[in-house]
Amino acid sequence: MSDVIKTDALIVGAGPVGLFAVFELGLLDIKSHLVDILPKIGGQCAELYPEKPIYDIPGFPSVTGQGLIDNLIKQIEPFHPEFHLSEMVASVESIGTDTAPLFRVMTDAGTQFETKSLIIAAGGGSFQPKKPPIPEIDTYEEKSVFYAVRRMEDLRGRDVLIVGGGDSALDWTLNLQPIARRVTLMHRRDEFRAAPHSVEQMRSLVAEGKMDLRIGQVTGLRGESGLLSSALCRGSDNAEFEISCNAMLPFFGLTMKLGPIANWGLSLSENLVPVDTEKFETSTPGIFAIGDINTYPGKLKLILSGFHEGALAAQRVYRYVYPDKRLTFQYTTSSSSLQKKLGVEA
Amino acid sequence: MTKLQFVDFGGTARMVDAPAGSTVMEAAIKNAVPGIEAECGGACACATCHVYIDDAWQAVVGPPTSMEEDMLDFAYDVRPNSRLSCQIKVTDQLDGLIVHTPERQA
Ligand SMILES: Cc1cc2nc3c(=O)[nH]c(=O)nc-3n(C[C@H](O)[C@H](O)[C@H](O)COP(=O)(O)OP(=O)(O)OC[C@H]3O[C@@H](n4cnc5c(N)ncnc54)[C@H](O)[C@@H]3O)c2cc1C
Ligand code: FES
């Protein structure tokens with residue numbers, strides 16, 4: 001097991017709100033680590049709408065989802081935040097007191113933190129693969145149906161059916177083709193969203209007879225005690241057909257699920273975390289919730305609200321991290337000490 | 001006002017009024033029509049506003065754009081008459097439009 005990482009603040013979620021919290025905390029000399037289950041930074045903005053313009057970020061008449069994230073990453077650089085990506089915060093245990101909170105936090109990858117404050121900026125929850133509503137699919141999960149490939153070796157020598165038309169579907173088709181007994185890619189139409197060069201590679205494998213491409217949708221599964229034997233499918237012409245396979249990988253994009261946050265002992269209200277509007281603290285002192293994940297009277301799920309919430313939460317975190325120091329209010333335009341932290345002093 | 005009719009999977013029909021310029025999805029959400037979730041609020045980013053256009057209306061409504069086609073990849077049981085209702089703008093021509101909601105949104 002790795003050493004325990006000690007930090008002032010641990011931020012769950014590297015969406016826009018978690019990112020800006022790094023800035024507000026950093027101005028107050030509070031060091032943060034961020035954990036996100038996604039392999040990339042940016043939450044919904046980067047995952048769901050990187051190319052779409054947002055029109056209600058103050059000071060930006062228009063900025064794309066990815067553009068906003070790129071700017072935020074640049075803005076927080078002076079504070080050297082440490083990112084732990086592709087890891088999900090799994091458990092939180094309180095080992096301090098109400099006045100001097102301390103938490104032991106563990107990710108599903110085994111990383112351990114000891115933090116004086118926990119800032120939940122988990123948005124709509126952790127991104128998880130969408131499960132297609134195929135009847136009885138859950139009885140095959142983990143044995144024959146996989147939404148992510150953890151160990152490629154598990155699929156060696158198997159007849160693998162991959163469903164989808166995006167990058168995940170095409171990448172896994174190409175990665176698994178050499179080691180599977182046979183790979184079949186199925187997509188509902190003969191057009192793919194994936195990168196053109198992977199589509200080309202797939203098409204030449206099909207032309208060489210090294211894999212199959214079928215156009216259609218899976219409507220049912222056949223098998224016994226979790227072991228798949230074939231998938232029932234329907235083509236675009238409505239013709240029914242069956243593909244024999246003993247492993248299936250459906251790639252239908254991502255959806256957000258509250259996930260492990262439900263087990264951290266916080267009071268919840270309809271899958272959201274209630275907070276006060278002075279400090280944005282939860283029912284547990286030292287644990288804060290900001291951005292889409294929280295709720296309070298009048299809450300708006302807007303990025304700008306999340307920024308404000310982070311600024312106020314940081315003030316309270318300061319009291320836990322520096323109980324003996326007094327906090328003075330300062331502007332970044334005029335405070336030489338803030339400018340020094342930002343690396344912009346004249 | 002344009003009249004729209006939503007027929008659910010069980011066959012129950014609901015009639016709603018929609019102002020021109022709004023979307024079929026917005027009309028459904030405003031009137032709490034079941035069977036449409038619209039998680040992303042109409043940004044063509046979730047595919048949970050999937051509907052089937054009634055046969056008689058397909059030519060009037062027209063086909064999806066390529067961005068919408070890409071998003072339909074995430075919907076379940078996509079058919080030739082599938083559309084994402086947030087991408088259909090209400091116009092006078094659509095008065096009386098009938099759409100069918102799927103058994104479930106993926
Ligand atoms: C299509 C679309 C258009 C939008 N347009 C606008 C707009 O115009 N203006 C506007 O203000 N807002 C808009 N929004 C809403 C805006 O994107 C959200 O308010 C914003 O992303 C919330 O930021 P966040 O940081 O709170 O959460 P998110 O962006 O949801 O990020 C949360 C992150 O936390 C991670 N996470 C959750 N649980 C865990 C865990 N246990 N362990 C590790 N990581 C975890 C998730 O993987 C995710 O990356 C839009 C949203 C969508 C979907
Ligand atoms: S509401 Fe999300 S795609 Fe239509």
# chains A, B, ... in the order shown; residues from 1 in each chain; ligands from 1

call {"tool": "residues_around", "arguments": {"residues": "His84 in chain A", "least_positions_apart": "6", "cutoff": "10 Å", "atoms": "only C-alpha atoms", "output": "list in words"}}
result
Val12, Gly13, Ala14, His33, Leu34, Val35, Asp36, Ile37, Leu38, Pro39, Lys40, Ile41, Thr107, Ala109 and Thr111 of chain A

call {"tool": "write_last_selection", "arguments": {"atoms": "N, CA, C and O atoms", "output": "PDB file, in the first residue's frame"}}
result
ATOM      1  N   VAL A  12     -13.141  16.384  -4.405  1.00  0.00           N
ATOM      2  CA  VAL A  12     -13.690  15.246  -5.134  1.00  0.00           C
ATOM      3  C   VAL A  12     -14.354  15.780  -6.393  1.00  0.00           C
ATOM      4  O   VAL A  12     -15.392  16.428  -6.321  1.00  0.00           O
ATOM      5  N   GLY A  13     -13.742  15.545  -7.554  1.00  0.00           N
ATOM      6  CA  GLY A  13     -14.321  16.022  -8.811  1.00  0.00           C
ATOM      7  C   GLY A  13     -13.507  17.155  -9.409  1.00  0.00           C
ATOM      8  O   GLY A  13     -13.298  18.189  -8.763  1.00  0.00           O
ATOM      9  N   ALA A  14     -13.028  16.954 -10.622  1.00  0.00           N
ATOM     10  CA  ALA A  14     -12.233  17.975 -11.308  1.00  0.00           C
ATOM     11  C   ALA A  14     -13.048  18.630 -12.412  1.00  0.00           C
ATOM     12  O   ALA A  14     -12.572  18.853 -13.517  1.00  0.00           O
ATOM     13  N   HIS A  33      -5.480  18.687  -3.393  1.00  0.00           N
ATOM     14  CA  HIS A  33      -5.377  17.553  -4.312  1.00  0.00           C
ATOM     15  C   HIS A  33      -6.764  17.355  -4.897  1.00  0.00           C
ATOM     16  O   HIS A  33      -7.761  17.575  -4.216  1.00  0.00           O
ATOM     17  N   LEU A  34      -6.831  16.919  -6.158  1.00  0.00           N
ATOM     18  CA  LEU A  34      -8.129  16.631  -6.772  1.00  0.00           C
ATOM     19  C   LEU A  34      -8.161  15.188  -7.254  1.00  0.00           C
ATOM     20  O   LEU A  34      -7.161  14.694  -7.780  1.00  0.00           O
ATOM     21  N   VAL A  35      -9.316  14.571  -7.100  1.00  0.00           N
ATOM     22  CA  VAL A  35      -9.499  13.208  -7.593  1.00  0.00           C
ATOM     23  C   VAL A  35     -10.676  13.207  -8.562  1.00  0.00           C
ATOM     24  O   VAL A  35     -11.706  13.831  -8.285  1.00  0.00           O
ATOM     25  N   ASP A  36     -10.515  12.557  -9.702  1.00  0.00           N
ATOM     26  CA  ASP A  36     -11.668  12.393 -10.594  1.00  0.00           C
ATOM     27  C   ASP A  36     -11.645  11.008 -11.225  1.00  0.00           C
ATOM     28  O   ASP A  36     -10.593  10.504 -11.605  1.00  0.00           O
ATOM     29  N   ILE A  37     -12.810  10.452 -11.345  1.00  0.00           N
ATOM     30  CA  ILE A  37     -12.937   9.101 -11.897  1.00  0.00           C
ATOM     31  C   ILE A  37     -12.645   9.088 -13.395  1.00  0.00           C
ATOM     32  O   ILE A  37     -12.235   8.087 -13.962  1.00  0.00           O
ATOM     33  N   LEU A  38     -12.809  10.240 -14.048  1.00  0.00           N
ATOM     34  CA  LEU A  38     -12.528  10.303 -15.487  1.00  0.00           C
ATOM     35  C   LEU A  38     -11.027  10.408 -15.722  1.00  0.00           C
ATOM     36  O   LEU A  38     -10.306  10.920 -14.898  1.00  0.00           O
ATOM     37  N   PRO A  39     -10.581   9.953 -16.895  1.00  0.00           N
ATOM     38  CA  PRO A  39      -9.152  10.078 -17.197  1.00  0.00           C
ATOM     39  C   PRO A  39      -8.749  11.502 -17.560  1.00  0.00           C
ATOM     40  O   PRO A  39      -7.584  11.796 -17.691  1.00  0.00           O
ATOM     41  N   LYS A  40      -9.744  12.395 -17.749  1.00  0.00           N
ATOM     42  CA  LYS A  40      -9.380  13.767 -18.105  1.00  0.00           C
ATOM     43  C   LYS A  40     -10.040  14.779 -17.179  1.00  0.00           C
ATOM     44  O   LYS A  40     -11.032  14.487 -16.513  1.00  0.00           O
ATOM     45  N   ILE A  41      -9.473  15.978 -17.181  1.00  0.00           N
ATOM     46  CA  ILE A  41      -9.946  17.060 -16.326  1.00  0.00           C
ATOM     47  C   ILE A  41     -11.121  17.766 -17.007  1.00  0.00           C
ATOM     48  O   ILE A  41     -11.133  17.894 -18.230  1.00  0.00           O
ATOM     49  N   THR A 107      -9.269   5.946  -2.322  1.00  0.00           N
ATOM     50  CA  THR A 107      -9.838   5.797  -3.667  1.00  0.00           C
ATOM     51  C   THR A 107      -9.909   4.314  -4.022  1.00  0.00           C
ATOM     52  O   THR A 107      -9.301   3.470  -3.356  1.00  0.00           O
ATOM     53  N   ALA A 109      -8.475   2.995  -6.308  1.00  0.00           N
ATOM     54  CA  ALA A 109      -7.174   2.520  -6.764  1.00  0.00           C
ATOM     55  C   ALA A 109      -6.227   2.334  -5.582  1.00  0.00           C
ATOM     56  O   ALA A 109      -5.055   2.018  -5.766  1.00  0.00           O
ATOM     57  N   THR A 111      -5.260   4.685  -3.376  1.00  0.00           N
ATOM     58  CA  THR A 111      -4.578   5.887  -2.892  1.00  0.00           C
ATOM     59  C   THR A 111      -5.253   6.348  -1.601  1.00  0.00           C
ATOM     60  O   THR A 111      -6.478   6.383  -1.519  1.00  0.00           O
TER      61      THR A 111
END

call {"tool": "residues_around", "arguments": {"residues": "range 41-56 of chain B", "least_positions_apart": "4", "cutoff": "6 Å", "atoms": "only C-alpha atoms", "output": "list in words"}}
result
Ile36, Glu37, Met71, Ala75, Asn81, Ser82, Arg83, Leu84, Ser85, Cys86, Ile98, Val99, His100, Thr101 and Gln105 of chain B

call {"tool": "write_last_selection", "arguments": {"atoms": "C-alpha atoms", "output": "PDB file, in the first residue's frame"}}
result
ATOM      1  CA  ILE B  36     -39.155  12.072 -21.943  1.00  0.00           C
ATOM      2  CA  GLU B  37     -36.276  12.805 -19.578  1.00  0.00           C
ATOM      3  CA  MET B  71     -26.309  11.402 -30.494  1.00  0.00           C
ATOM      4  CA  ALA B  75     -30.411   5.927 -27.593  1.00  0.00           C
ATOM      5  CA  ASN B  81     -38.382   7.372 -37.619  1.00  0.00           C
ATOM      6  CA  SER B  82     -36.317   8.165 -34.504  1.00  0.00           C
ATOM      7  CA  ARG B  83     -35.605  11.779 -33.613  1.00  0.00           C
ATOM      8  CA  LEU B  84     -34.381  13.662 -30.558  1.00  0.00           C
ATOM      9  CA  SER B  85     -37.327  15.834 -29.581  1.00  0.00           C
ATOM     10  CA  CYS B  86     -35.110  18.704 -28.379  1.00  0.00           C
ATOM     11  CA  ILE B  98     -48.065  12.957 -33.377  1.00  0.00           C
ATOM     12  CA  VAL B  99     -44.928  11.534 -31.741  1.00  0.00           C
ATOM     13  CA  HIS B 100     -44.543   8.236 -29.899  1.00  0.00           C
ATOM     14  CA  THR B 101     -42.372   7.972 -26.792  1.00  0.00           C
ATOM     15  CA  GLN B 105     -35.025   6.359 -22.417  1.00  0.00           C
TER      16      GLN B 105
END

call {"tool": "interface_residues", "arguments": {"of": "chain A", "to": "chain B", "cutoff": "8 Å", "atoms": "only C-alpha atoms", "output": "count of residues only"}}
result
15

call {"tool": "closest_atom_pairs", "arguments": {"of": "chain A", "to": "ligand 1", "cutoff": "7 Å", "atoms": "only C-alpha atoms and all ligand atoms", "output": "Markdown table"}}
result
| residue | atom | partner | partner_atom_place_in_ligand_line | distance |
| --- | --- | --- | --- | --- |
| A:Val12 | CA | ligand 1 | 44 (N) | 5.4 |
| A:Gly13 | CA | ligand 1 | 34 (O) | 3.1 |
| A:Ala14 | CA | ligand 1 | 33 (C) | 5.2 |
| A:Gly15 | CA | ligand 1 | 25 (O) | 3.5 |
| A:Pro16 | CA | ligand 1 | 25 (O) | 4.3 |
| A:Val17 | CA | ligand 1 | 25 (O) | 3.7 |
| A:Gly18 | CA | ligand 1 | 25 (O) | 5.1 |
| A:Val35 | CA | ligand 1 | 43 (C) | 5.2 |
| A:Asp36 | CA | ligand 1 | 44 (N) | 3.5 |
| A:Ile37 | CA | ligand 1 | 44 (N) | 4.2 |
| A:Leu38 | CA | ligand 1 | 47 (O) | 5.3 |
| A:Ile41 | CA | ligand 1 | 49 (O) | 7.0 |
| A:Gly42 | CA | ligand 1 | 49 (O) | 6.2 |
| A:Gly43 | CA | ligand 1 | 49 (O) | 3.4 |
| A:Gln44 | CA | ligand 1 | 29 (O) | 3.9 |
| A:Cys45 | CA | ligand 1 | 17 (O) | 5.2 |
| A:Leu48 | CA | ligand 1 | 53 (C) | 5.8 |
| A:Tyr49 | CA | ligand 1 | 1 (C) | 5.5 |
| A:Ile54 | CA | ligand 1 | 8 (O) | 4.3 |
| A:Tyr55 | CA | ligand 1 | 8 (O) | 5.8 |
| A:Asp56 | CA | ligand 1 | 9 (N) | 5.5 |
| A:Ile57 | CA | ligand 1 | 11 (O) | 6.6 |
| A:Glu87 | CA | ligand 1 | 43 (C) | 5.9 |
| A:Met88 | CA | ligand 1 | 42 (N) | 3.5 |
| A:Val89 | CA | ligand 1 | 42 (N) | 3.9 |
| A:Ala90 | CA | ligand 1 | 41 (N) | 6.0 |
| A:Ala121 | CA | ligand 1 | 26 (O) | 5.1 |
| A:Ala122 | CA | ligand 1 | 34 (O) | 3.5 |
| A:Gly123 | CA | ligand 1 | 27 (O) | 3.1 |
| A:Gly124 | CA | ligand 1 | 30 (O) | 4.9 |
| A:Gly125 | CA | ligand 1 | 37 (C) | 4.0 |
| A:Ser126 | CA | ligand 1 | 37 (C) | 3.4 |
| A:Phe127 | CA | ligand 1 | 47 (O) | 4.6 |
| A:Leu258 | CA | ligand 1 | 38 (N) | 6.5 |
| A:Gly259 | CA | ligand 1 | 41 (N) | 6.1 |
| A:Pro260 | CA | ligand 1 | 41 (N) | 5.7 |
| A:Ile261 | CA | ligand 1 | 41 (N) | 5.9 |
| A:Ile290 | CA | ligand 1 | 26 (O) | 6.3 |
| A:Gly291 | CA | ligand 1 | 26 (O) | 3.4 |
| A:Asp292 | CA | ligand 1 | 26 (O) | 4.1 |
| A:Ile293 | CA | ligand 1 | 26 (O) | 6.1 |
| A:Lys301 | CA | ligand 1 | 19 (O) | 4.8 |
| A:Leu302 | CA | ligand 1 | 11 (O) | 3.5 |
| A:Ile303 | CA | ligand 1 | 11 (O) | 3.8 |
| A:Leu304 | CA | ligand 1 | 11 (O) | 5.8 |
| A:Gly306 | CA | ligand 1 | 26 (O) | 6.2 |

call {"tool": "residues_around", "arguments": {"residues": "Thr91 in chain B", "least_positions_apart": "3", "cutoff": "7 Å", "atoms": "only C-alpha atoms", "output": "list of chain:residue names"}}
result
B:Ala20, B:Gly21, B:Leu94

call {"tool": "write_last_selection", "arguments": {"atoms": "C-alpha atoms", "output": "PDB file, in the first residue's frame"}}
result
ATOM      1  CA  ALA B  20     -43.878  28.356 -32.233  1.00  0.00           C
ATOM      2  CA  GLY B  21     -40.116  28.527 -31.828  1.00  0.00           C
ATOM      3  CA  LEU B  94     -46.415  20.852 -37.179  1.00  0.00           C
TER       4      LEU B  94
END

call {"tool": "atom_distance", "arguments": {"atom1": "CA of Ala21 in chain A", "atom2": "CA of Phe307 in chain A"}}
result
7.1 Å

call {"tool": "atom_distance", "arguments": {"atom1": "CA of Leu232 in chain A", "atom2": "CA of Ser66 in chain B"}}
result
27.7 Å

call {"tool": "residues_around", "arguments": {"residues": "range 268-274 of chain A", "least_positions_apart": "2", "cutoff": "6 Å", "atoms": "only C-alpha atoms", "output": "PyMOL selection string"}}
result
chain A and resi 293-296

call {"tool": "write_last_selection", "arguments": {"atoms": "N, CA, C and O atoms", "output": "PDB file, in the first residue's frame"}}
result
ATOM      1  N   ILE A 293     -23.625  19.256  -7.204  1.00  0.00           N
ATOM      2  CA  ILE A 293     -23.945  18.188  -6.263  1.00  0.00           C
ATOM      3  C   ILE A 293     -24.714  18.693  -5.044  1.00  0.00           C
ATOM      4  O   ILE A 293     -25.336  17.916  -4.330  1.00  0.00           O
ATOM      5  N   ASN A 294     -24.680  19.999  -4.772  1.00  0.00           N
ATOM      6  CA  ASN A 294     -25.285  20.461  -3.518  1.00  0.00           C
ATOM      7  C   ASN A 294     -26.711  20.980  -3.741  1.00  0.00           C
ATOM      8  O   ASN A 294     -27.165  21.133  -4.873  1.00  0.00           O
ATOM      9  N   THR A 295     -27.405  21.216  -2.644  1.00  0.00           N
ATOM     10  CA  THR A 295     -28.739  21.815  -2.741  1.00  0.00           C
ATOM     11  C   THR A 295     -28.978  22.715  -1.549  1.00  0.00           C
ATOM     12  O   THR A 295     -28.465  22.459  -0.451  1.00  0.00           O
ATOM     13  N   TYR A 296     -29.693  23.799  -1.788  1.00  0.00           N
ATOM     14  CA  TYR A 296     -30.094  24.751  -0.750  1.00  0.00           C
ATOM     15  C   TYR A 296     -31.226  25.569  -1.347  1.00  0.00           C
ATOM     16  O   TYR A 296     -31.416  25.550  -2.574  1.00  0.00           O
TER      17      TYR A 296
END

call {"tool": "select_by_dssp", "arguments": {"residues": "chain B", "states": "helix (DSSP H, G or I)", "output": "compact mmCIF listing (two decimals) with all heavy atoms, in the first residue's frame"}}
result
# COMPACT_ATOMS: atom_id res chain seq x y z
N VAL B 24 -40.12 20.47 -29.36
CA VAL B 24 -41.07 19.42 -28.97
C VAL B 24 -40.70 18.91 -27.57
O VAL B 24 -41.57 18.66 -26.73
CB VAL B 24 -41.05 18.29 -30.02
CG1 VAL B 24 -41.86 17.09 -29.53
CG2 VAL B 24 -41.60 18.80 -31.35
N MET B 25 -39.39 18.82 -27.28
CA MET B 25 -38.96 18.40 -25.95
C MET B 25 -39.46 19.37 -24.89
O MET B 25 -40.01 18.97 -23.86
CB MET B 25 -37.43 18.29 -25.90
CG MET B 25 -36.83 17.94 -24.56
SD MET B 25 -36.68 19.31 -23.39
CE MET B 25 -35.23 20.16 -23.97
N GLU B 26 -39.28 20.68 -25.13
CA GLU B 26 -39.71 21.68 -24.14
C GLU B 26 -41.20 21.57 -23.85
O GLU B 26 -41.64 21.68 -22.70
CB GLU B 26 -39.35 23.09 -24.62
CG GLU B 26 -37.86 23.38 -24.52
CD GLU B 26 -37.42 24.62 -25.30
OE1 GLU B 26 -38.18 25.12 -26.15
OE2 GLU B 26 -36.30 25.06 -25.05
N ALA B 27 -41.97 21.33 -24.91
CA ALA B 27 -43.42 21.19 -24.73
C ALA B 27 -43.73 19.99 -23.82
O ALA B 27 -44.60 20.06 -22.95
CB ALA B 27 -44.10 21.03 -26.08
N ALA B 28 -42.96 18.90 -24.01
CA ALA B 28 -43.19 17.71 -23.20
C ALA B 28 -42.85 17.97 -21.74
O ALA B 28 -43.62 17.65 -20.82
CB ALA B 28 -42.35 16.55 -23.74
N ILE B 29 -41.69 18.60 -21.50
CA ILE B 29 -41.24 18.83 -20.13
C ILE B 29 -42.18 19.81 -19.42
O ILE B 29 -42.58 19.60 -18.28
CB ILE B 29 -39.78 19.38 -20.13
CG1 ILE B 29 -38.82 18.31 -20.69
CG2 ILE B 29 -39.35 19.82 -18.74
CD1 ILE B 29 -38.71 17.03 -19.89
N LYS B 30 -42.55 20.91 -20.11
CA LYS B 30 -43.44 21.91 -19.51
C LYS B 30 -44.76 21.30 -19.08
O LYS B 30 -45.36 21.71 -18.10
CB LYS B 30 -43.69 23.03 -20.52
CG LYS B 30 -43.08 24.33 -20.05
CD LYS B 30 -43.49 25.48 -20.94
CE LYS B 30 -42.29 26.42 -21.04
NZ LYS B 30 -42.06 26.91 -22.37
N ASP B 55 -45.76 7.86 -38.54
CA ASP B 55 -45.54 7.65 -39.98
C ASP B 55 -46.05 8.80 -40.84
O ASP B 55 -45.37 9.28 -41.74
CB ASP B 55 -46.22 6.36 -40.45
CG ASP B 55 -45.48 5.14 -39.89
OD1 ASP B 55 -44.33 5.31 -39.43
OD2 ASP B 55 -46.07 4.04 -39.89
N ALA B 56 -47.27 9.25 -40.53
CA ALA B 56 -47.90 10.28 -41.35
C ALA B 56 -47.15 11.60 -41.31
O ALA B 56 -47.34 12.47 -42.16
CB ALA B 56 -49.33 10.49 -40.87
N TRP B 57 -46.29 11.79 -40.31
CA TRP B 57 -45.62 13.08 -40.12
C TRP B 57 -44.15 13.09 -40.51
O TRP B 57 -43.50 14.13 -40.46
CB TRP B 57 -45.77 13.52 -38.66
CG TRP B 57 -47.14 14.01 -38.39
CD1 TRP B 57 -48.21 13.26 -37.97
CD2 TRP B 57 -47.61 15.34 -38.55
NE1 TRP B 57 -49.32 14.04 -37.85
CE2 TRP B 57 -48.98 15.33 -38.20
CE3 TRP B 57 -47.02 16.53 -38.96
CZ2 TRP B 57 -49.75 16.48 -38.26
CZ3 TRP B 57 -47.79 17.68 -39.01
CH2 TRP B 57 -49.16 17.64 -38.66
N GLN B 58 -43.64 11.92 -40.87
CA GLN B 58 -42.20 11.84 -41.11
C GLN B 58 -41.69 12.82 -42.16
O GLN B 58 -40.66 13.47 -41.97
CB GLN B 58 -41.83 10.42 -41.54
CG GLN B 58 -41.50 9.56 -40.36
CD GLN B 58 -40.74 8.34 -40.81
OE1 GLN B 58 -39.61 8.43 -41.22
NE2 GLN B 58 -41.39 7.20 -40.75
N ALA B 59 -42.40 12.94 -43.26
CA ALA B 59 -41.95 13.81 -44.34
C ALA B 59 -41.95 15.27 -43.90
O ALA B 59 -41.05 16.03 -44.24
CB ALA B 59 -42.84 13.62 -45.56
N VAL B 60 -42.96 15.66 -43.10
CA VAL B 60 -43.04 17.05 -42.65
C VAL B 60 -41.91 17.38 -41.68
O VAL B 60 -41.27 18.43 -41.75
CB VAL B 60 -44.40 17.31 -41.95
CG1 VAL B 60 -44.59 18.79 -41.67
CG2 VAL B 60 -45.55 16.77 -42.79
N VAL B 61 -41.66 16.48 -40.75
CA VAL B 61 -40.65 16.73 -39.71
C VAL B 61 -39.24 16.64 -40.30
O VAL B 61 -38.36 17.42 -39.96
CB VAL B 61 -40.83 15.75 -38.53
CG1 VAL B 61 -39.73 15.95 -37.51
CG2 VAL B 61 -42.19 15.95 -37.90
N SER B 66 -26.70 15.61 -38.81
CA SER B 66 -25.65 14.63 -38.54
C SER B 66 -25.24 14.64 -37.07
O SER B 66 -24.91 13.60 -36.50
CB SER B 66 -24.44 14.84 -39.46
OG SER B 66 -23.75 15.99 -39.08
N MET B 67 -25.28 15.80 -36.42
CA MET B 67 -24.96 15.85 -34.99
C MET B 67 -25.98 15.03 -34.19
O MET B 67 -25.65 14.29 -33.27
CB MET B 67 -24.95 17.30 -34.50
CG MET B 67 -24.64 17.44 -33.02
SD MET B 67 -24.50 19.16 -32.50
CE MET B 67 -26.22 19.62 -32.36
N GLU B 68 -27.25 15.18 -34.60
CA GLU B 68 -28.32 14.44 -33.92
C GLU B 68 -28.18 12.94 -34.18
O GLU B 68 -28.39 12.12 -33.28
CB GLU B 68 -29.66 14.98 -34.40
CG GLU B 68 -30.87 14.41 -33.68
CD GLU B 68 -32.17 14.97 -34.26
OE1 GLU B 68 -32.15 16.06 -34.85
OE2 GLU B 68 -33.19 14.28 -34.11
N GLU B 69 -27.83 12.56 -35.40
CA GLU B 69 -27.60 11.14 -35.73
C GLU B 69 -26.54 10.56 -34.79
O GLU B 69 -26.69 9.46 -34.27
CB GLU B 69 -27.11 10.99 -37.18
CG GLU B 69 -28.20 10.88 -38.21
CD GLU B 69 -28.90 9.52 -38.21
OE1 GLU B 69 -28.65 8.68 -37.33
OE2 GLU B 69 -29.74 9.32 -39.11
N ASP B 70 -25.45 11.33 -34.60
CA ASP B 70 -24.38 10.86 -33.70
C ASP B 70 -24.92 10.61 -32.30
O ASP B 70 -24.59 9.63 -31.65
CB ASP B 70 -23.26 11.90 -33.63
CG ASP B 70 -22.34 11.84 -34.84
OD1 ASP B 70 -22.53 10.95 -35.69
OD2 ASP B 70 -21.44 12.70 -34.94
N MET B 71 -25.77 11.53 -31.85
CA MET B 71 -26.31 11.40 -30.49
C MET B 71 -27.30 10.24 -30.41
O MET B 71 -27.39 9.58 -29.37
CB MET B 71 -26.99 12.73 -30.12
CG MET B 71 -26.95 13.02 -28.66
SD MET B 71 -25.25 13.00 -28.05
CE MET B 71 -25.52 12.13 -26.56
N LEU B 72 -28.01 9.99 -31.50
CA LEU B 72 -28.97 8.87 -31.51
C LEU B 72 -28.27 7.54 -31.28
O LEU B 72 -28.89 6.56 -30.87
CB LEU B 72 -29.75 8.85 -32.83
CG LEU B 72 -30.99 9.76 -32.89
CD1 LEU B 72 -31.49 9.88 -34.32
CD2 LEU B 72 -32.10 9.25 -31.97
N SER B 85 -36.26 14.82 -29.56
CA SER B 85 -37.33 15.83 -29.58
C SER B 85 -36.81 17.23 -29.28
O SER B 85 -37.46 18.22 -29.62
CB SER B 85 -38.46 15.44 -28.63
OG SER B 85 -37.97 15.27 -27.32
N CYS B 86 -35.64 17.35 -28.66
CA CYS B 86 -35.11 18.70 -28.38
C CYS B 86 -34.59 19.36 -29.64
O CYS B 86 -34.27 20.54 -29.66
CB CYS B 86 -34.01 18.68 -27.32
SG CYS B 86 -32.46 17.91 -27.85
N GLN B 87 -34.46 18.58 -30.71
CA GLN B 87 -33.93 19.13 -31.96
C GLN B 87 -35.04 19.41 -32.97
O GLN B 87 -34.77 19.72 -34.12
CB GLN B 87 -32.88 18.18 -32.54
CG GLN B 87 -31.71 17.91 -31.60
CD GLN B 87 -30.97 19.19 -31.21
OE1 GLN B 87 -30.55 19.94 -32.08
NE2 GLN B 87 -30.86 19.46 -29.91
N ASP B 92 -45.80 26.26 -37.37
CA ASP B 92 -47.22 26.10 -37.69
C ASP B 92 -47.48 24.83 -38.48
O ASP B 92 -48.54 24.20 -38.34
CB ASP B 92 -47.72 27.31 -38.50
CG ASP B 92 -47.65 28.60 -37.68
OD1 ASP B 92 -47.54 28.47 -36.43
OD2 ASP B 92 -47.67 29.69 -38.27
N GLN B 93 -46.51 24.47 -39.32
CA GLN B 93 -46.66 23.24 -40.13
C GLN B 93 -46.85 22.00 -39.27
O GLN B 93 -47.36 20.99 -39.73
CB GLN B 93 -45.43 22.99 -41.02
CG GLN B 93 -45.37 23.82 -42.28
CD GLN B 93 -44.81 25.21 -41.99
OE1 GLN B 93 -44.52 25.56 -40.86
NE2 GLN B 93 -44.70 26.01 -43.02
N LEU B 94 -46.36 22.06 -38.01
CA LEU B 94 -46.42 20.85 -37.18
C LEU B 94 -47.72 20.74 -36.39
O LEU B 94 -47.85 19.88 -35.53
CB LEU B 94 -45.22 20.83 -36.22
CG LEU B 94 -43.83 20.68 -36.86
CD1 LEU B 94 -42.77 20.40 -35.79
CD2 LEU B 94 -43.81 19.56 -37.90

call {"tool": "closest_residue", "arguments": {"among": "A:Pro53, A:Pro178, A:Gly265, A:Pro135", "to": "Ile287 in chain A", "atoms": "only C-alpha atoms"}}
result
A:Gly265

call {"tool": "residues_around", "arguments": {"residues": "Leu4 in chain B", "least_positions_apart": "5", "cutoff": "6 Å", "atoms": "only C-alpha atoms", "output": "list of chain:residue names"}}
result
B:Met15, B:Val16, B:Gly96, B:Leu97

call {"tool": "select_by_dssp", "arguments": {"residues": "range 124-321 of chain A", "states": "strand (DSSP E)", "output": "MDAnalysis selection string"}}
result
chainID A and resid 126:129 159:163 182:187 212:215 217:224 227:234 240:244 247:250 254:257 273:274 287:289 294:295

call {"tool": "atom_distance", "arguments": {"atom1": "CA of Ser22 in chain B", "atom2": "CA of Ser62 in chain A"}}
result
22.4 Å
